[in-house]
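J.: Before anything else, here's the structure in question.
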Amino acid sequence: MKHLPNINCPRDIKALTPEELAELAAELRQEILGAVSDSGGHLASNLGAIELTLALHFVFDTPDDRLIWDVSHQTYAHKILTGRKDRIRTLRQYHGLAGFCKRVESEYDVFGAGHASTSISAALGFATARDMKDESHKTIAVIGDGAMTGGLAFEAMNNAGAQKKDLLVVLNDNTWSISKNVGAISKYLTSIMADEKFQKLRNEVWELTGKFKRRDRIRTTIQRLENSIKGFLVPGMLFEKFGFRYFGPIDGHDLPLLIKTLGDVKNLPGPIMLHVATVKGKGYAPSEEDANKFHGVGKFDKITGKAAPSAGLPSYTKVFGQTMIELAEKNDKVVAITAAMSSGTGLDAFAGKFPDRFHDVGIAEAHAACFAAGLAAEGIRPYLTVYSTFMQRAYDQVIHDMAVQNLPVVICMDRGGLVGNDGPTHHGVYDLAYMSAVPNVTIAAPKDGNELRAMLHHTVDNELPGITALRYPRGNVPTAMKGEVEEIEWGTWDWLAAPQEVVILAVGAMVEETEKTVAILDERGIHAAIVNARFVKPLDLKVLEEVRKNARVIVTAEDGALRGGFGQAVAEYLLARGYKGKFLAKAIPDRFVTHGGRNDLLKEINLDAASIAEAIVELVGDREDAGSEEVEAPQGFFKKLSLRRNGSSRKKEAVKGVPLTGTDPE
């Protein structure tokens with residue numbers, strides 16, 4: 001490394017020559033490639049944004065000038081240049097750098113963003129605040145990697161164009177957005193139009209025409225001529241109609257051109273759109289050849305580009321994708337819909353086999369949901385497949401367009417629960433709560449891949465009313481897949497062991513975690529039973545009532561938000577029926593959970609197996625029993641509970657009833 005060791009903040013790059021900047025770009029590529037191959041992350045988009053990042057920090061005075069990224073997963077070079085190079089190898093790791101911009105991480109991260117299409121709205125807010133405070137810094141929004149397909153971006157452009165605020169929007173078009181080509185003519189035209197001398201001449205001509213009697217007609221003719229030239233040579237008329245002055249497209253890997261153009265447009269008044277064309281995955285052959293594969297990756301060999309070996313069991317996402325093909329083969333009305341996540345949701349193979357029944361609508365979750373509702377209204381069987389965290393963007397459509405009309409749509413929410421390294425913007429922890437609040441919704445959370453497959457087949461084999469929301473986690477399934485499709489009794493919970501006085505009602509992925517809890521409790525002489533509470537709404541009241549009548553300790557376990565979640569629904573039921581035993585809801589506490597490995601995060605919020613076990617031990621209470629004395633259980637289907645507690649010689653009475661809390665004391 002020749003230059004990078006000497007770069008500690010953006011000021012350090014301003015003295016570099018064009019040749020030195022090009023060398024620094026190559027060093028940044030190698031550093032990012034090394035960091036991502038070690039820890040995983042977003043590779044292709046970052047490799048494609050390096051020259052643009054350098055040019056922006058070279059021309060503008062950050063952090064005084066506000067640089068807002070969208071989507072901010074393309075900011076690894078930005079992080080390195082802004083004082084975080086020594087921590088780049090901790091990227092997305094527990095207590096390491098976040099994979100997105102994060103305000104508390106650096107003064108250069110002026111606005112956080114993990115979801116797409118937010119930058120122009122936020123930048124307009126920054127620009128408006130600047131003017132209200134009579135300040136003069138620049139505001140720059142960098143939007144790309146498909147984020148311009150989101151409706152929020154167009155809503156923001158409409159408003160920004162009307163307000164006429166000084167604002168620069170840089171469209172990083174890596175062919176996942178609008179335009180693929182960078183022609184010599186458009187490059188030359190942009191160079192002319194953005195040039196300071198040309199702008200001065202343009203303004204002087206404009207002022208001169210104002211002295212003529214027919215100034216309005218003359219100006220209209222000049223404007224039409226300029227628009228005709230632009231419309232013929234460049235794809236910028238859409239932005240012009242929104243009230244932006246458009247420049248581009250220019251080569252996003254030509255550093256001298258980027259620096260000159262950014263310098264030229266820097267002080268132009270009003271909303272400006274600079275269209276920059278980049279190559280996703282630039283500089284790394286495997287990524288350039290398959291930018292989709294290298295968009296978001298785990299650990300891989302940077303020499304070969306091959307991913308690290310997997311654990312052997314398939315991911316939930318893969319099981320889902322394969323099962324969707326089975327459903328489509330069963331029923332020709334099955335349609336799959338996703339929002340710019342065909343690969344991430346496992347639907348690539350489905351798209352290849354049933355192209356006429358696959359719809360990728362772009363980063364437009366609200367549209368995807370309303371589109372699905374329209375299909376359902378006409379008797380089609382839509383399967384809307386979206387990451388849980390992104391489904392939040394379509395909540396109005398879930399209520400207004402699906403639920404109110406009781407339309408049969410299957411919503412498949414991938415990445416439910418804690419997703420690990422992508423952090424708080426991507427954890428799918430609110431789905432159980434926000435879906436539970438809506439009428440005409442059934443919520444199911446399978447404990448493994450076989451149950452997911454069984455649930456999906458049930459939805460296609462039966463005319464289910466209303467919305468069916470299937471929620472499944474990121475990662476591999478816990479057990480091997482079976483050849484045959486299991487039968488499932490819809491709406492029911494499943495006892496995974498003989499009933500005991502201590503019962504854990506576990507949701508989805510927490511079944512696997514609480515099985516470890518039970519093993520820990522067994523070693524301490526406390527025997528607990530797990531109920532696979534695979535249907536969160538409606539509750540299986542038959543099983544829940546049995547548990548209420550007979551269990552002395554009830555614990556719910558879910559990797560979803562405590563507020564409004566499954567545990568509180570169970571607590572409401574128990575409280576209304578005068579339950580006298582002990583109850584505890586284990587869930588995500590009322591705060592945002594950081595990024596890191598899932599096991600680290602579960603431990604941090606006391607939702608791991610050991611923490612749940614310890615909480616149950618405290619609920620059961622100390623018992624005096626040196627040996628194997630058995631304590632009679634209440635009448636019902638529980639018979640006896642053998643209590644042994646670490647060789648203790650003191651006798652204790654059986655568990656007594658205490659008031660129901662319904663919350664996690666953490």
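The way I read the labels, and the way they are meant: chains A, B, ... in the order of the structure tokens, residue 1 as the first residue of every chain, and ligand 1 as the first ligand shown, with later ones counted on from there.
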Run DSSP on the backbone and give me the residues of region 51-104 of chain A it puts in strand (DSSP E or B), as a list in words.

T.: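 Here is the list: Arg66, Leu67, Ile68, Trp69 and Asp70 of chain A.
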
J.: Could you save the residues just selected, with N, CA and C atoms, as a short mmCIF file (atom, residue, chain, number, x, y, z; two decimals), in the first residue's frame?

T.:
```cif
data_model
loop_
_atom_site.label_atom_id
_atom_site.label_comp_id
_atom_site.auth_asym_id
_atom_site.auth_seq_id
_atom_site.Cartn_x
_atom_site.Cartn_y
_atom_site.Cartn_z
N ARG A 66 -22.80 18.10 3.40
CA ARG A 66 -23.53 16.91 3.83
C ARG A 66 -23.63 15.90 2.69
N LEU A 67 -23.04 14.75 2.91
CA LEU A 67 -23.02 13.68 1.92
C LEU A 67 -23.91 12.54 2.41
N ILE A 68 -24.99 12.29 1.67
CA ILE A 68 -26.02 11.34 2.10
C ILE A 68 -26.06 10.19 1.10
N TRP A 69 -25.87 8.97 1.60
CA TRP A 69 -25.73 7.78 0.74
C TRP A 69 -27.01 6.95 0.70
N ASP A 70 -27.23 6.36 -0.50
CA ASP A 70 -28.45 5.58 -0.69
C ASP A 70 -28.21 4.59 -1.85
#
```

J.: Would you mind writing down, as a PyMOL selection string, each residue of region 409-473 of chain A that DSSP on the backbone assigns to alpha helix (DSSP H)?

T.: chain A and resi 431-436+449-461

J.: Keeping only C-alpha atoms, write those residues as a PDB file, in the first residue's frame.

T.:
```pdb
ATOM      1  CA  ASP A 431     -43.406  -8.626  11.769  1.00  0.00           C
ATOM      2  CA  LEU A 432     -45.203 -10.709  14.402  1.00  0.00           C
ATOM      3  CA  ALA A 433     -46.366  -7.569  16.181  1.00  0.00           C
ATOM      4  CA  TYR A 434     -47.430  -5.508  13.193  1.00  0.00           C
ATOM      5  CA  MET A 435     -49.104  -8.402  11.404  1.00  0.00           C
ATOM      6  CA  SER A 436     -50.916  -9.515  14.566  1.00  0.00           C
ATOM      7  CA  GLY A 449     -37.614 -26.606   6.609  1.00  0.00           C
ATOM      8  CA  ASN A 450     -40.007 -29.545   6.517  1.00  0.00           C
ATOM      9  CA  GLU A 451     -42.652 -27.544   8.324  1.00  0.00           C
ATOM     10  CA  LEU A 452     -42.122 -24.578   5.989  1.00  0.00           C
ATOM     11  CA  ARG A 453     -42.600 -26.868   3.013  1.00  0.00           C
ATOM     12  CA  ALA A 454     -45.709 -28.423   4.568  1.00  0.00           C
ATOM     13  CA  MET A 455     -47.237 -25.014   5.248  1.00  0.00           C
ATOM     14  CA  LEU A 456     -46.593 -23.813   1.707  1.00  0.00           C
ATOM     15  CA  HIS A 457     -48.207 -26.909   0.224  1.00  0.00           C
ATOM     16  CA  HIS A 458     -51.191 -26.453   2.523  1.00  0.00           C
ATOM     17  CA  THR A 459     -51.722 -22.927   1.196  1.00  0.00           C
ATOM     18  CA  VAL A 460     -51.897 -24.114  -2.392  1.00  0.00           C
ATOM     19  CA  ASP A 461     -53.974 -27.227  -1.642  1.00  0.00           C
TER      20      ASP A 461
END
```

J.: Which residues, written as a count of residues only, have at least one atom at most 7 Å from Val334 (chain A), with only C-alpha atoms counted and residues fewer than 6 positions away on the same chain left out?

T.: 5

J.: Which value, in Å to one decimal, gives the distance between CA of Val593 (chain A) and CA of Val104 (chain A)?

T.: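 Separation of CA of Val593 (chain A) and CA of Val104 (chain A): 14.2 Å.
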
J.: Quick one: pull the distance between CA of Ser45 (chain A) and CA of Lys280 (chain A), Å, one decimal.

T.: 5.3 Å

J.: Nearest residue to Gly312 (chain A) out of A:Gly597, A:Gly475, A:Pro439, A:Gly48, using only C-alpha atoms?

T.: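 The shortest atom-to-atom distance to Gly312 (chain A) comes from A:Gly475.
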
J.: Restricting the calculation to only C-alpha atoms, which member of A:Gly417, A:Ser39, A:Asp448, A:Glu545 is positioned closest to Ala557 (chain A)?

T.: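 Closest to Ala557 (chain A) of all the choices is A:Gly417.
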
J.: Show which residues sit within 7 Å of Arg552 (chain A), as a PyMOL selection string. Count only C-alpha atoms, and ignore same-chain residues fewer than 6 positions away.

T.: chain A and resi 501-502+581-582+655
